[in-house]
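Below is one structure; the comments refer to it alone.
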Amino acid sequence: MANFVRYADSLEAPAPGEQEVVGQIILAMQRETDKVAEREHHAVRASHAKSTGLLKGELRVLDGLPPHLAQGLFARPHSYPAVVRFAQGPGEHLSDSVSTHRGMAVKLFGVHGPALPGHEGRGTQDFVFATGTTFPQANSASFLTAIKGLEKSTNMPEAMKQAAATAARAANAVV
């Protein structure tokens, strides 16, 4: 299948200076989290702070998947207990009238195999999904720019965010 690429470590290499950019992303998200914690008087997640739904279920990997799909976790038939979380994108609790991106995450339990350093022995696998056909930022540097924009908007009153969302929905309807 031409549309599928079998995973290999050689597919991606960090860009020069990427580790420093990741450090800046972490600092910007921490500053945003600190602002929200001060305002709301308790800590919240740096992103996807407001859950809008939680589901408990099971993910079943079926037998006979085509070879281009039977990779990693999906290589053999198995059932995994799962939790699904739906959430707004920002790292603050906003009214549903504020248009933001939405996300969905699936956590599988009872997973065995290689893990990232510091995550060994947890036995979980996370899948993170967002609305949209592609991730809006092409690399860590453009993601940093977006995070800094979100960080600046954190101090805006929610009424301004609601007005901006209403105007954006109206403009989108015209387009």
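In the structure tokens, chains take letters A, B, ... by order of appearance, with residues numbered from 1 within each chain and ligands from 1 in the order shown.
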
Taking 5 positions as the minimum chain separation for residues in the same chain, which residues sit within 8 Å of A:Arg45 when counting only C-alpha atoms? Answer as a ChimeraX atom specification.
/A:33,91-92

A:Leu55 surroundings by only C-alpha atoms, 9 Å radius, close-in-sequence under 5 positions cut, as a CSV table (one decimal) with C-alpha atoms, in the first residue's frame:
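So out.csv came out as:
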```csv
chain,number,residue,atom,x,y,z
A,82,ALA,CA,-9.7,1.5,27.5
A,83,VAL,CA,-10.8,5.0,28.8
A,84,VAL,CA,-11.7,7.7,26.3
A,85,ARG,CA,-11.7,11.4,27.3
A,86,PHE,CA,-13.2,14.2,25.3
```

I'd like to know which of A:Val22, A:Leu11, A:Val5, A:Met29 is closest to A:Lys148, using only C-alpha atoms.
A:Met29

So that I can check the surroundings of A:Ser99, please list as a list in words every protein, DNA and RNA residue that reaches within 12 Å of it, counting only C-alpha atoms and ignoring chain neighbours fewer than 6 positions away.
Gln88, Gly89, Pro90, Glu158, Met160, Lys161, Gln162, Ala163, Ala164, Ala165, Thr166, Ala167, Ala168, Arg169, Ala170 and Asn172 of chain A

Just the selected residues (C-alpha atoms), exported as a compact mmCIF listing (two decimals), in the first residue's frame, please.
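Saved the output as result_0.txt:
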```txt
# COMPACT_ATOMS: atom_id res chain seq x y z
CA GLN A 88 -11.67 21.34 24.99
CA GLY A 89 -8.18 22.26 23.82
CA PRO A 90 -7.11 25.16 26.05
CA GLU A 158 -13.75 35.25 29.01
CA MET A 160 -13.72 38.83 25.04
CA LYS A 161 -13.05 35.20 24.12
CA GLN A 162 -16.80 34.60 23.71
CA ALA A 163 -17.13 37.71 21.50
CA ALA A 164 -14.18 36.62 19.35
CA ALA A 165 -15.64 33.11 19.02
CA THR A 166 -19.05 34.50 18.02
CA ALA A 167 -17.46 36.78 15.39
CA ALA A 168 -15.34 33.91 14.04
CA ARG A 169 -18.40 31.63 13.73
CA ALA A 170 -20.29 34.40 11.90
CA ASN A 172 -17.07 31.27 8.90
```

Just how far from atom CA of A:Leu144 is atom CA of A:Glu120, in Å to one decimal?
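Interatomic distance, atom CA of A:Glu120 to atom CA of A:Leu144: 28.0 Å.
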
Which one of A:Val36, A:Ala75, A:Lys107, A:Ile147 sits closest to A:Ala49 if you count only C-alpha atoms?
A:Val36

In Å, how far is it from atom CA of A:Val21 to atom CA of A:Ala141?
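It comes out at 6.3 Å.
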
Just the alpha helix (DSSP H) stuff from stretch 4-139 of chain A, please, per backbone DSSP, written as a VMD selection string.
chain A and resid 18 to 40

Using only C-alpha atoms, which of A:Gly72, A:Gly103, A:Gly132, A:Gly17 sits nearest A:Lys50?
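Closest to A:Lys50, using only C-alpha atoms: A:Gly103.
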
Quick check for you: according to DSSP on this backbone, which residues of chain A are classed as strand (DSSP E or B)? Reply as a PyMOL selection string.
chain A and resi 51-61+78-88+102-109+124-130

Env of A:His112: 10 Å cut, atoms = only C-alpha atoms, seq-sep filter 3 positions within chain, self excluded. Answer as a PyMOL selection string.
chain A and resi 73+109+115+120-125

Store the residues picked out above in a file with N, CA and C atoms, as a short mmCIF file (atom, residue, chain, number, x, y, z; two decimals), in the first residue's frame.
```cif
data_model
loop_
_atom_site.label_atom_id
_atom_site.label_comp_id
_atom_site.auth_asym_id
_atom_site.auth_seq_id
_atom_site.Cartn_x
_atom_site.Cartn_y
_atom_site.Cartn_z
N LEU A 73 1.34 -2.32 18.53
CA LEU A 73 0.21 -2.75 19.35
C LEU A 73 -0.82 -3.55 18.55
N PHE A 109 -4.94 0.00 28.63
CA PHE A 109 -4.28 -0.60 29.78
C PHE A 109 -3.88 -2.03 29.45
N ALA A 115 8.94 0.99 25.66
CA ALA A 115 8.34 2.26 26.08
C ALA A 115 9.40 3.35 26.06
N GLU A 120 8.71 3.15 31.36
CA GLU A 120 8.77 1.69 31.41
C GLU A 120 7.92 1.17 32.57
N GLY A 121 7.28 0.02 32.34
CA GLY A 121 6.55 -0.64 33.40
C GLY A 121 5.16 -0.09 33.67
N ARG A 122 4.72 0.93 32.94
CA ARG A 122 3.39 1.50 33.18
C ARG A 122 2.28 0.65 32.57
N GLY A 123 2.59 -0.03 31.47
CA GLY A 123 1.60 -0.90 30.85
C GLY A 123 0.44 -0.16 30.21
N THR A 124 0.66 1.09 29.80
CA THR A 124 -0.40 1.85 29.14
C THR A 124 0.09 2.38 27.80
N GLN A 125 -0.85 2.70 26.95
CA GLN A 125 -0.55 3.34 25.65
C GLN A 125 -1.60 4.42 25.45
#
```

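The coordinates place atom CA of A:Leu69 at 8.5 Å from atom CA of A:Arg6.
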